[in-house]
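Reproduced below: work-v1.cif, with mmCIF, C-alpha atoms (C1' of nucleotides).
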data_work
#
loop_
_atom_site.label_atom_id
_atom_site.label_comp_id
_atom_site.auth_asym_id
_atom_site.auth_seq_id
_atom_site.Cartn_x
_atom_site.Cartn_y
_atom_site.Cartn_z
CA MET X 4 -19.04 40.26 1.61
CA SER X 5 -16.46 40.30 4.33
CA VAL X 6 -17.95 37.22 5.90
CA GLN X 7 -17.42 35.25 2.72
CA GLU X 8 -13.94 36.60 2.45
CA ARG X 9 -13.12 35.53 5.97
CA LYS X 10 -14.43 32.05 5.21
CA GLN X 11 -12.35 31.86 2.10
CA ARG X 12 -9.30 32.92 4.06
CA GLU X 13 -9.96 30.33 6.73
CA ARG X 14 -10.49 27.69 4.12
CA ALA X 15 -7.22 28.55 2.38
CA GLU X 16 -5.51 28.52 5.74
CA ARG X 17 -6.84 25.07 6.47
CA GLU X 18 -5.62 23.86 3.11
CA ARG X 19 -2.14 25.09 3.92
CA LEU X 20 -2.42 23.32 7.26
CA ILE X 21 -3.27 20.05 5.53
CA VAL X 22 -0.31 20.25 3.19
CA ALA X 23 2.10 21.32 5.93
CA THR X 24 0.89 18.57 8.23
CA ALA X 25 1.15 15.93 5.52
CA ARG X 26 4.68 17.05 4.78
CA GLU X 27 5.66 17.10 8.43
CA LEU X 28 4.22 13.67 9.05
CA ALA X 29 5.90 12.29 5.94
CA GLU X 30 9.29 13.66 6.97
CA GLN X 31 8.87 12.32 10.48
CA GLN X 32 7.58 8.84 9.76
CA GLY X 33 7.60 8.36 6.01
CA TRP X 34 4.78 8.59 3.49
CA ASP X 35 3.40 5.22 4.51
CA ALA X 36 2.45 6.78 7.83
CA VAL X 37 0.55 9.56 6.10
CA THR X 38 -2.91 8.05 6.14
CA THR X 39 -6.05 10.09 5.73
CA ARG X 40 -7.13 9.12 9.23
CA ARG X 41 -3.91 10.20 10.90
CA LEU X 42 -3.79 13.36 8.82
CA ALA X 43 -7.36 14.22 9.74
CA GLU X 44 -6.66 13.64 13.40
CA ARG X 45 -3.61 15.89 13.34
CA ILE X 46 -5.45 18.80 11.77
CA GLU X 47 -8.31 18.15 14.19
CA TYR X 48 -10.96 17.68 11.54
CA SER X 49 -12.71 14.60 10.30
CA GLN X 50 -11.52 12.60 7.31
CA PRO X 51 -14.07 13.86 4.76
CA VAL X 52 -12.81 17.41 5.22
CA LEU X 53 -9.64 16.39 3.39
CA TYR X 54 -11.74 15.43 0.42
CA SER X 55 -13.37 18.84 0.29
CA HIS X 56 -9.92 20.26 -0.41
CA PHE X 57 -8.31 17.50 -2.44
CA ARG X 58 -9.61 14.75 -4.68
CA GLY X 59 -7.67 12.22 -2.68
CA LYS X 60 -4.35 11.35 -1.14
CA ARG X 61 -2.59 11.63 -4.50
CA GLU X 62 -3.47 15.28 -4.78
CA ILE X 63 -2.15 15.94 -1.31
CA ILE X 64 1.14 14.38 -2.30
CA GLY X 65 1.06 16.52 -5.41
CA ALA X 66 0.57 19.66 -3.34
CA VAL X 67 3.58 18.80 -1.20
CA ALA X 68 5.54 18.18 -4.38
CA LEU X 69 4.71 21.60 -5.81
CA GLU X 70 5.70 23.27 -2.57
CA GLY X 71 8.96 21.33 -2.64
CA ALA X 72 9.65 22.19 -6.25
CA ALA X 73 9.52 25.88 -5.45
CA GLU X 74 11.88 25.45 -2.51
CA MET X 75 14.29 23.34 -4.49
CA ALA X 76 14.37 25.87 -7.31
CA ALA X 77 15.14 28.59 -4.79
CA ALA X 78 17.85 26.51 -3.11
CA VAL X 79 19.49 25.70 -6.42
CA ARG X 80 19.40 29.31 -7.61
CA ALA X 81 20.76 30.56 -4.31
CA ALA X 82 23.68 28.15 -4.42
CA ALA X 83 24.42 28.95 -8.05
CA SER X 84 24.42 32.68 -7.41
CA THR X 85 27.19 32.47 -4.83
CA ALA X 86 29.63 30.68 -7.11
CA ASN X 87 32.10 32.21 -9.52
CA GLY X 88 32.38 30.81 -13.00
CA PRO X 89 30.27 28.21 -14.81
CA ARG X 90 31.96 25.13 -13.41
CA GLU X 91 31.88 26.24 -9.82
CA ARG X 92 28.27 27.20 -10.36
CA VAL X 93 27.45 23.71 -11.55
CA ALA X 94 29.32 22.13 -8.65
CA ALA X 95 27.45 24.32 -6.20
CA LEU X 96 24.18 23.44 -7.91
CA ALA X 97 24.91 19.74 -7.67
CA ARG X 98 25.72 19.96 -3.97
CA ALA X 99 22.61 22.03 -3.30
CA TYR X 100 20.46 19.54 -5.18
CA LEU X 101 21.79 16.52 -3.32
CA ASP X 102 21.65 18.41 -0.06
CA PHE X 103 18.02 19.27 -0.61
CA ALA X 104 17.19 15.67 -1.41
CA ALA X 105 18.99 14.46 1.69
CA ARG X 106 17.41 17.03 3.99
CA ASN X 107 13.89 16.68 2.63
CA PRO X 108 13.55 13.04 1.68
CA ALA X 109 9.77 12.96 1.88
CA VAL X 110 9.42 16.05 -0.26
CA TYR X 111 11.89 14.60 -2.73
CA ASP X 112 9.85 11.43 -2.86
CA ALA X 113 6.67 13.38 -3.44
CA LEU X 114 8.37 15.14 -6.32
CA PHE X 115 10.08 12.31 -8.12
CA GLN X 116 9.24 8.93 -6.61
CA LEU X 117 5.56 8.94 -5.77
CA ASP X 118 2.55 9.49 -7.92
CA GLY X 119 1.24 12.94 -7.15
CA GLY X 120 -0.87 13.04 -10.29
CA LEU X 121 1.32 15.74 -11.79
CA ALA X 122 2.17 16.13 -15.44
CA PHE X 123 5.85 16.39 -16.25
CA ALA X 124 7.61 17.65 -19.33
CA GLN X 125 4.35 18.63 -20.99
CA GLU X 126 2.54 21.81 -21.80
CA ASP X 127 0.15 21.39 -18.86
CA THR X 128 2.98 20.88 -16.41
CA PRO X 129 2.43 23.06 -13.33
CA GLU X 130 4.48 26.22 -13.20
CA PRO X 131 6.61 25.32 -10.14
CA LEU X 132 7.87 22.20 -11.89
CA LYS X 133 8.73 24.04 -15.08
CA ASN X 134 10.44 26.65 -12.97
CA ALA X 135 12.51 24.10 -11.08
CA PHE X 136 13.72 22.60 -14.32
CA ALA X 137 14.44 26.11 -15.56
CA ALA X 138 16.57 26.73 -12.48
CA LEU X 139 18.69 23.73 -13.40
CA LEU X 140 18.81 24.76 -17.03
CA GLU X 141 20.09 28.26 -16.21
CA SER X 142 23.35 26.99 -14.76
CA LEU X 143 23.70 23.72 -16.60
CA GLY X 144 23.03 25.16 -20.03
CA GLU X 145 26.24 27.14 -19.71
CA VAL X 146 28.37 24.03 -19.67
CA ALA X 147 26.58 21.88 -22.22
CA GLY X 148 29.37 22.29 -24.70
CA ASP X 149 29.31 23.03 -28.42
CA GLY X 150 26.72 21.26 -30.47
CA VAL X 151 24.94 19.83 -27.47
CA ASP X 152 21.41 20.94 -26.81
CA PRO X 153 21.25 22.62 -23.38
CA GLY X 154 17.93 20.93 -22.65
CA LEU X 155 19.31 17.51 -23.42
CA PHE X 156 22.40 18.20 -21.36
CA THR X 157 20.31 19.36 -18.43
CA GLU X 158 18.21 16.21 -18.60
CA VAL X 159 21.26 13.99 -18.49
CA PHE X 160 22.97 15.90 -15.69
CA TRP X 161 19.75 16.02 -13.73
CA ALA X 162 19.24 12.28 -14.22
CA ALA X 163 22.71 11.67 -12.81
CA LEU X 164 21.94 13.78 -9.75
CA HIS X 165 18.59 12.08 -9.35
CA GLY X 166 20.25 8.68 -9.54
CA LEU X 167 22.80 9.62 -6.91
CA ALA X 168 20.10 11.04 -4.65
CA THR X 169 17.73 8.11 -4.83
CA LEU X 170 20.29 5.33 -4.78
CA THR X 171 22.03 6.87 -1.81
CA ARG X 172 18.90 7.36 0.18
CA ALA X 173 17.52 3.93 -0.62
CA GLY X 174 20.71 2.38 0.72
CA ARG X 175 21.81 1.26 -2.71
CA LEU X 176 24.93 3.40 -2.51
CA PRO X 177 27.14 3.92 0.55
CA PRO X 178 26.51 7.43 1.86
CA GLU X 179 30.18 8.35 2.05
CA TYR X 180 32.05 9.72 -0.94
CA ILE X 181 29.29 12.09 -1.94
CA GLU X 182 31.77 14.86 -2.60
CA PRO X 183 34.12 12.88 -4.85
CA ARG X 184 31.10 11.65 -6.80
CA VAL X 185 29.97 15.22 -7.39
CA GLU X 186 33.46 16.25 -8.37
CA LEU X 187 33.75 13.44 -10.86
CA LEU X 188 30.38 14.25 -12.34
CA VAL X 189 31.10 17.94 -12.75
CA GLU X 190 34.63 17.43 -13.99
CA ARG X 191 33.60 15.03 -16.73
CA LEU X 192 30.18 16.27 -17.78
CA ALA X 193 30.61 20.01 -17.60
CA VAL X 194 32.44 21.48 -20.55
CA THR X 195 33.84 24.96 -20.11
CA ALA X 196 34.64 25.58 -23.74
CA MET Y 7 13.21 -40.81 2.15
CA SER Y 8 11.88 -40.38 -1.35
CA VAL Y 9 8.54 -39.17 -0.06
CA GLN Y 10 10.17 -36.34 1.82
CA GLU Y 11 12.29 -35.53 -1.19
CA ARG Y 12 9.25 -35.34 -3.40
CA LYS Y 13 7.58 -33.01 -0.94
CA GLN Y 14 10.62 -30.81 -0.83
CA ARG Y 15 10.68 -30.69 -4.61
CA GLU Y 16 7.02 -29.81 -4.79
CA ARG Y 17 7.49 -27.15 -2.18
CA ALA Y 18 10.41 -25.60 -4.07
CA GLU Y 19 8.37 -25.77 -7.24
CA ARG Y 20 5.51 -23.95 -5.56
CA GLU Y 21 7.88 -21.27 -4.34
CA ARG Y 22 9.09 -20.70 -7.88
CA LEU Y 23 5.47 -20.50 -8.96
CA ILE Y 24 4.76 -17.81 -6.39
CA VAL Y 25 7.70 -15.68 -7.51
CA ALA Y 26 6.96 -16.14 -11.19
CA THR Y 27 3.30 -15.33 -10.70
CA ALA Y 28 4.07 -12.24 -8.65
CA ARG Y 29 6.44 -11.05 -11.33
CA GLU Y 30 3.98 -11.73 -14.11
CA LEU Y 31 1.17 -9.98 -12.30
CA ALA Y 32 3.39 -7.01 -11.53
CA GLU Y 33 4.48 -6.67 -15.14
CA GLN Y 34 0.91 -6.94 -16.35
CA GLN Y 35 -0.83 -4.63 -13.91
CA GLY Y 36 1.82 -3.04 -11.74
CA TRP Y 37 2.93 -3.88 -8.21
CA ASP Y 38 -0.14 -2.28 -6.69
CA ALA Y 39 -2.18 -5.06 -8.23
CA VAL Y 40 -0.01 -7.70 -6.59
CA THR Y 41 -2.02 -8.31 -3.46
CA THR Y 42 -1.68 -11.41 -1.38
CA ARG Y 43 -5.26 -12.35 -2.19
CA ARG Y 44 -4.88 -12.07 -5.94
CA LEU Y 45 -1.54 -13.83 -5.81
CA ALA Y 46 -3.00 -16.65 -3.76
CA GLU Y 47 -5.90 -17.02 -6.15
CA ARG Y 48 -3.60 -17.19 -9.17
CA ILE Y 49 -1.46 -19.95 -7.73
CA GLU Y 50 -4.64 -21.69 -6.60
CA TYR Y 51 -3.74 -21.82 -2.93
CA SER Y 52 -5.05 -19.91 0.02
CA GLN Y 53 -3.39 -16.76 1.30
CA PRO Y 54 -1.61 -18.26 4.32
CA VAL Y 55 0.38 -20.57 2.04
CA LEU Y 56 2.30 -17.54 0.86
CA TYR Y 57 3.39 -16.91 4.40
CA SER Y 58 4.77 -20.41 4.74
CA HIS Y 59 7.24 -19.53 2.00
CA PHE Y 60 7.87 -15.85 2.65
CA ARG Y 61 7.68 -13.63 5.70
CA GLY Y 62 5.43 -11.27 3.82
CA LYS Y 63 4.91 -9.32 0.65
CA ARG Y 64 8.26 -7.59 1.03
CA GLU Y 65 10.14 -10.85 0.78
CA ILE Y 66 8.24 -11.78 -2.35
CA ILE Y 67 9.30 -8.51 -3.92
CA GLY Y 68 12.83 -9.26 -2.79
CA ALA Y 69 12.74 -12.67 -4.46
CA VAL Y 70 11.63 -11.10 -7.74
CA ALA Y 71 14.43 -8.56 -7.36
CA LEU Y 72 17.08 -11.24 -6.96
CA GLU Y 73 15.80 -13.07 -10.00
CA GLY Y 74 15.90 -9.81 -11.94
CA ALA Y 75 19.41 -8.98 -10.77
CA ALA Y 76 20.73 -12.21 -12.24
CA GLU Y 77 19.00 -11.55 -15.54
CA MET Y 78 20.20 -7.99 -15.69
CA ALA Y 79 23.77 -9.05 -15.00
CA ALA Y 80 23.54 -11.57 -17.82
CA ALA Y 81 22.04 -9.04 -20.20
CA VAL Y 82 24.71 -6.48 -19.43
CA ARG Y 83 27.54 -9.00 -19.82
CA ALA Y 84 26.10 -10.31 -23.07
CA ALA Y 85 25.86 -6.82 -24.54
CA ALA Y 86 29.36 -5.92 -23.39
CA SER Y 87 30.87 -9.05 -24.88
CA THR Y 88 29.66 -8.24 -28.39
CA ALA Y 89 31.29 -4.80 -28.51
CA ASN Y 90 34.82 -3.95 -29.59
CA GLY Y 91 36.86 -1.61 -27.47
CA PRO Y 92 36.17 -0.10 -24.04
CA ARG Y 93 34.03 2.78 -25.18
CA GLU Y 94 31.80 0.73 -27.42
CA ARG Y 95 31.51 -1.76 -24.61
CA VAL Y 96 30.29 0.92 -22.25
CA ALA Y 97 27.82 2.24 -24.81
CA ALA Y 98 26.45 -1.25 -25.35
CA LEU Y 99 26.22 -1.74 -21.61
CA ALA Y 100 24.30 1.48 -21.18
CA ARG Y 101 21.83 0.58 -23.89
CA ALA Y 102 21.37 -2.91 -22.48
CA TYR Y 103 20.78 -1.49 -19.00
CA LEU Y 104 18.15 1.00 -20.14
CA ASP Y 105 16.59 -1.60 -22.38
CA PHE Y 106 16.27 -4.03 -19.50
CA ALA Y 107 14.69 -1.36 -17.33
CA ALA Y 108 12.22 -0.45 -20.06
CA ARG Y 109 11.30 -4.03 -20.86
CA ASN Y 110 10.98 -5.20 -17.28
CA PRO Y 111 9.67 -2.20 -15.38
CA ALA Y 112 8.20 -4.21 -12.52
CA VAL Y 113 11.40 -6.15 -12.01
CA TYR Y 114 13.39 -2.93 -12.15
CA ASP Y 115 11.10 -1.43 -9.54
CA ALA Y 116 11.53 -4.47 -7.31
CA LEU Y 117 15.27 -4.07 -7.62
CA PHE Y 118 15.77 -0.38 -7.10
CA GLN Y 119 12.52 1.35 -6.31
CA LEU Y 120 10.60 -0.81 -3.87
CA ASP Y 121 11.52 -2.15 -0.49
CA GLY Y 122 12.32 -5.81 -0.92
CA GLY Y 123 14.10 -5.98 2.40
CA LEU Y 124 17.45 -6.52 0.71
CA ALA Y 125 20.78 -5.24 1.93
CA PHE Y 126 22.79 -3.24 -0.58
CA ALA Y 127 26.45 -2.35 -0.67
CA GLN Y 128 27.16 -4.31 2.48
CA GLU Y 129 28.88 -7.53 3.38
CA ASP Y 130 25.58 -9.37 3.77
CA THR Y 131 24.35 -8.26 0.38
CA PRO Y 132 22.94 -11.23 -1.54
CA GLU Y 133 25.23 -12.70 -4.18
CA PRO Y 134 23.08 -11.83 -7.23
CA LEU Y 135 23.18 -8.15 -6.31
CA LYS Y 136 26.93 -8.13 -5.81
CA ASN Y 137 27.27 -9.96 -9.09
CA ALA Y 138 25.13 -7.47 -10.96
CA PHE Y 139 27.27 -4.61 -9.68
CA ALA Y 140 30.33 -6.61 -10.64
CA ALA Y 141 28.98 -6.94 -14.18
CA LEU Y 142 28.80 -3.17 -14.41
CA LEU Y 143 32.23 -2.77 -12.83
CA GLU Y 144 33.87 -5.10 -15.35
CA SER Y 145 33.17 -2.86 -18.29
CA LEU Y 146 32.95 0.49 -16.57
CA GLY Y 147 36.18 0.06 -14.61
CA GLU Y 148 38.06 0.11 -17.90
CA VAL Y 149 37.07 3.69 -18.65
CA ALA Y 150 37.31 5.24 -15.18
CA GLY Y 151 40.40 7.15 -16.12
CA ASP Y 152 43.65 7.71 -14.27
CA GLY Y 153 43.46 8.37 -10.57
CA VAL Y 154 39.75 7.61 -10.40
CA ASP Y 155 38.64 4.67 -8.36
CA PRO Y 156 36.81 2.18 -10.63
CA GLY Y 157 34.23 1.52 -7.92
CA LEU Y 158 33.48 5.20 -7.53
CA PHE Y 159 33.28 5.66 -11.27
CA THR Y 160 30.92 2.71 -11.59
CA GLU Y 161 28.68 4.13 -8.91
CA VAL Y 162 28.42 7.47 -10.67
CA PHE Y 163 27.83 6.00 -14.10
CA TRP Y 164 25.30 3.58 -12.69
CA ALA Y 165 23.52 6.41 -10.90
CA ALA Y 166 23.25 8.29 -14.18
CA LEU Y 167 21.77 5.27 -15.91
CA HIS Y 168 19.41 4.72 -12.99
CA GLY Y 169 18.31 8.32 -13.13
CA LEU Y 170 17.61 8.12 -16.84
CA ALA Y 171 15.73 4.87 -16.42
CA THR Y 172 13.49 5.99 -13.58
CA LEU Y 173 12.83 9.53 -14.76
CA THR Y 174 11.94 8.32 -18.21
CA ARG Y 175 9.59 5.63 -17.03
CA ALA Y 176 7.92 7.87 -14.46
CA GLY Y 177 7.14 10.37 -17.20
CA ARG Y 178 9.55 12.92 -15.78
CA LEU Y 179 11.60 12.83 -18.98
CA PRO Y 180 10.23 12.66 -22.52
CA PRO Y 181 10.86 9.15 -23.86
CA GLU Y 182 12.43 10.32 -27.09
CA TYR Y 183 16.12 11.14 -27.33
CA ILE Y 184 17.23 8.09 -25.37
CA GLU Y 185 20.04 7.42 -27.79
CA PRO Y 186 21.54 10.93 -27.78
CA ARG Y 187 21.39 10.90 -23.98
CA VAL Y 188 23.35 7.67 -23.88
CA GLU Y 189 25.83 9.02 -26.38
CA LEU Y 190 26.37 12.16 -24.38
CA LEU Y 191 26.82 10.18 -21.21
CA VAL Y 192 29.35 7.77 -22.68
CA GLU Y 193 31.22 10.42 -24.59
CA ARG Y 194 31.73 12.62 -21.56
CA LEU Y 195 32.05 10.18 -18.71
CA ALA Y 196 34.06 7.38 -20.29
CA VAL Y 197 37.76 8.11 -20.55
CA THR Y 198 39.75 5.99 -22.94
CA ALA Y 199 43.16 7.06 -21.74
"C1'" DT L 19 -39.06 33.64 11.47
"C1'" DC L 20 -38.57 30.24 8.19
"C1'" DG L 21 -36.71 27.64 4.33
"C1'" DA L 22 -32.38 26.76 1.84
"C1'" DT L 23 -27.72 26.29 1.64
"C1'" DT L 24 -23.39 25.24 3.37
"C1'" DG L 25 -20.36 22.80 6.21
"C1'" DT L 26 -19.07 18.97 9.04
"C1'" DC L 27 -19.52 14.58 11.14
"C1'" DT L 28 -20.68 9.60 11.99
"C1'" DA L 29 -20.85 5.39 10.03
"C1'" DG L 30 -19.79 2.23 6.65
"C1'" DC L 31 -18.09 0.11 2.05
"C1'" DG L 32 -14.76 -2.80 -0.11
"C1'" DG L 33 -10.16 -3.38 -0.04
"C1'" DT L 34 -5.24 -4.28 2.21
"C1'" DG L 35 -1.39 -7.33 4.80
"C1'" DC L 36 -1.28 -10.68 7.97
"C1'" DT L 37 -2.54 -14.49 11.54
"C1'" DA L 38 -5.06 -17.63 14.91
"C1'" DG L 39 -7.23 -21.86 15.23
"C1'" DG L 40 -9.64 -25.66 13.44
"C1'" DA L 41 -10.10 -29.26 9.79
"C1'" DT L 42 -7.96 -32.65 6.91
"C1'" DC L 43 -4.89 -35.75 5.13
"C1'" DG L 44 -0.99 -38.81 4.90
"C1'" DA L 45 2.72 -41.38 7.23
"C1'" DA L 46 4.20 -44.13 10.91
"C1'" DT L 47 3.03 -47.17 14.71
"C1'" DC L 48 0.59 -50.90 17.11
"C1'" DG M 29 -5.76 -52.92 8.90
"C1'" DA M 30 -6.99 -49.61 12.48
"C1'" DT M 31 -5.20 -45.79 15.00
"C1'" DT M 32 -2.59 -42.24 16.46
"C1'" DC M 33 -0.04 -38.09 15.40
"C1'" DG M 34 2.17 -34.51 12.98
"C1'" DA M 35 2.42 -31.74 9.00
"C1'" DT M 36 -0.28 -29.04 5.88
"C1'" DC M 37 -3.77 -26.17 4.47
"C1'" DC M 38 -7.97 -23.37 4.76
"C1'" DT M 39 -11.73 -20.57 6.86
"C1'" DA M 40 -12.49 -16.71 9.32
"C1'" DG M 41 -11.17 -12.66 11.26
"C1'" DC M 42 -8.11 -8.72 12.98
"C1'" DA M 43 -6.81 -3.85 12.39
"C1'" DC M 44 -5.98 -0.86 9.09
"C1'" DC M 45 -6.41 1.53 4.41
"C1'" DG M 46 -8.73 5.21 0.87
"C1'" DC M 47 -12.92 6.96 0.10
"C1'" DT M 48 -18.10 8.26 0.37
"C1'" DA M 49 -23.23 8.39 1.51
"C1'" DG M 50 -26.32 10.41 4.34
"C1'" DA M 51 -27.65 12.56 8.74
"C1'" DC M 52 -27.17 16.63 11.24
"C1'" DA M 53 -26.23 21.38 12.72
"C1'" DA M 54 -25.09 26.01 11.77
"C1'" DT M 55 -25.56 29.87 8.96
"C1'" DC M 56 -27.52 32.75 5.40
"C1'" DG M 57 -31.08 35.17 2.63
"C1'" DA M 58 -35.90 36.31 2.17
#
Full structure transcribed into structure tokens:
Amino acid sequence: MSVQERKQRERAERERLIVATARELAEQQGWDAVTTRRLAERIEYSQPVLYSHFRGKREIIGAVALEGAAEMAAAVRAAASTANGPRERVAALARAYLDFAARNPAVYDALFQLDGGLAFAQEDTPEPLKNAFAALLESLGEVAGDGVDPGLFTEVFWAALHGLATLTRAGRLPPEYIEPRVELLVERLAVTA
Amino acid sequence: MSVQERKQRERAERERLIVATARELAEQQGWDAVTTRRLAERIEYSQPVLYSHFRGKREIIGAVALEGAAEMAAAVRAAASTANGPRERVAALARAYLDFAARNPAVYDALFQLDGGLAFAQEDTPEPLKNAFAALLESLGEVAGDGVDPGLFTEVFWAALHGLATLTRAGRLPPEYIEPRVELLVERLAVTA
DNA sequence: TCGATTGTCTAGCGGTGCTAGGATCGAATC
DNA sequence: GATTCGATCCTAGCACCGCTAGACAATCGA
């Protein structure tokens, strides 16, 4: 039995290596540079090995996305926990979100820009994604205001953050003035009532 | 002289055909389906002809983006002109923006999602892009509120719209509840003062 | 020890964006 | 009107892509 177990462990380890390498390569040189050939070379196995772990490149992107979702949820919760009061919590959350997107552009792309074959906003949505949305909802739901559905409010606030993140990184918005943008967003959208 | 002029005309006509065909193909089957081979076949020329008009696929995407920017600016201005009062104008603008994104997903992608090799928010930004931002600024600047820079406000509001548009279309947000999202956005962000 | 199973690799398929070099055609010259 | 010559276009091919079939070796169970 222990032989099989060791093999399973090694196999799981190699799977982690694939995902970590894909992520690293994507952060270094962009997702376009993440080809199955390059990835295979970096993990020092042949190309077909990748396909014994994942159906294809899409699934590898999806795996990086799930990893990123967990980290983002943790980052957002950590930031929120250090702030006092609902508004400050939301401001901290917004900064943490944009900071995560700026620091991990490839992961952010895997999550929200690229097709990782993941289901969103459905019952079969993977747990890390649901959890990440829940992390946003926890802090944002507090400031939705009377008569406004917390889920709806979270979607709108999240969309605003997502827009700022993507437009900034794609060069569509000048990278300065991030802080005043966040302040404006929080000041207007978040209702303390 | 007239021979050369005719050739120039025909050449310009063929360039329009390339852009229109690329756009059509992208709207029908997505940008992934827009390959230089398929595009060449559709315009009934060989592949290298494309490269006598554009540096590469990127520039073709860029050309579609510029065309789309002009249309979007017109759509936004038309919607804004029919509304009474600043707030209603902004609401109409928001609906027109999201409607344009939903009706022309490939064009919207060319504009804001894909790399069309265009400069944004710089001095050498192409005129149609500046003009499209100006169209947003015209209506949104009215409701920025005291002490808030109209440009900054426009950026934030635009980012929110962009986030809603992309997240919805990518399946990250359920497609229902578009209207209440717009209402929430306008109600909170737009200041009549 | 021998067959079966598992794991991995080499080689190759059809596709991509892009380009070099030759063929062809039309305009200008003799 | 024949001939040069330049612009224009196409055939063919490069290196790369995601993905897979089939050969091969290593390991396991009998």
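If you look at atom CA of X:Arg92 and atom CA of X:Glu190, they are 12.2 Å away from each other.
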Can you pull out every residue within 8 Å of M:DC45, counting all atoms listed in the file, but drop anything in the same chain fewer than 3 positions away, and send it as an mmCIF file with C-alpha atoms (C1' of nucleotides), keeping the file's coordinate frame?
data_model
loop_
_atom_site.group_PDB
_atom_site.id
_atom_site.type_symbol
_atom_site.label_atom_id
_atom_site.label_comp_id
_atom_site.auth_asym_id
_atom_site.auth_seq_id
_atom_site.Cartn_x
_atom_site.Cartn_y
_atom_site.Cartn_z
ATOM 1 C CA THR X 38 -2.910 8.050 6.140
ATOM 2 C "C1'" DG L 33 -10.160 -3.380 -0.040
ATOM 3 C "C1'" DT L 34 -5.240 -4.280 2.210
#
Give me, as a tab-separated table, each residue of chain L that comes within 12 Å of chain X, together with its shortest interatomic pair and the distance in Å at one decimal, counting all atoms listed in the file, with rows ordered by chain and rising residue number.
residue	atom	partner	partner_atom	distance
L:DT24	C1'	X:Lys10	CA	11.4
L:DG25	C1'	X:Val52	CA	9.3
L:DT26	C1'	X:Val52	CA	7.5
L:DC27	C1'	X:Ser49	CA	6.9
L:DT28	C1'	X:Ser49	CA	9.6
| request: Enumerate as a ChimeraX atom specification the residues belonging to chain X that approach chain M to within 12 Å, with only C-alpha atoms (C1' of nucleotides) taken into account. | output: /X:4,6-7,10,35-41,50-55,57-61
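Counting from atom CA of Y:His168, the distance to atom CA of X:Gly166 is 5.3 Å.
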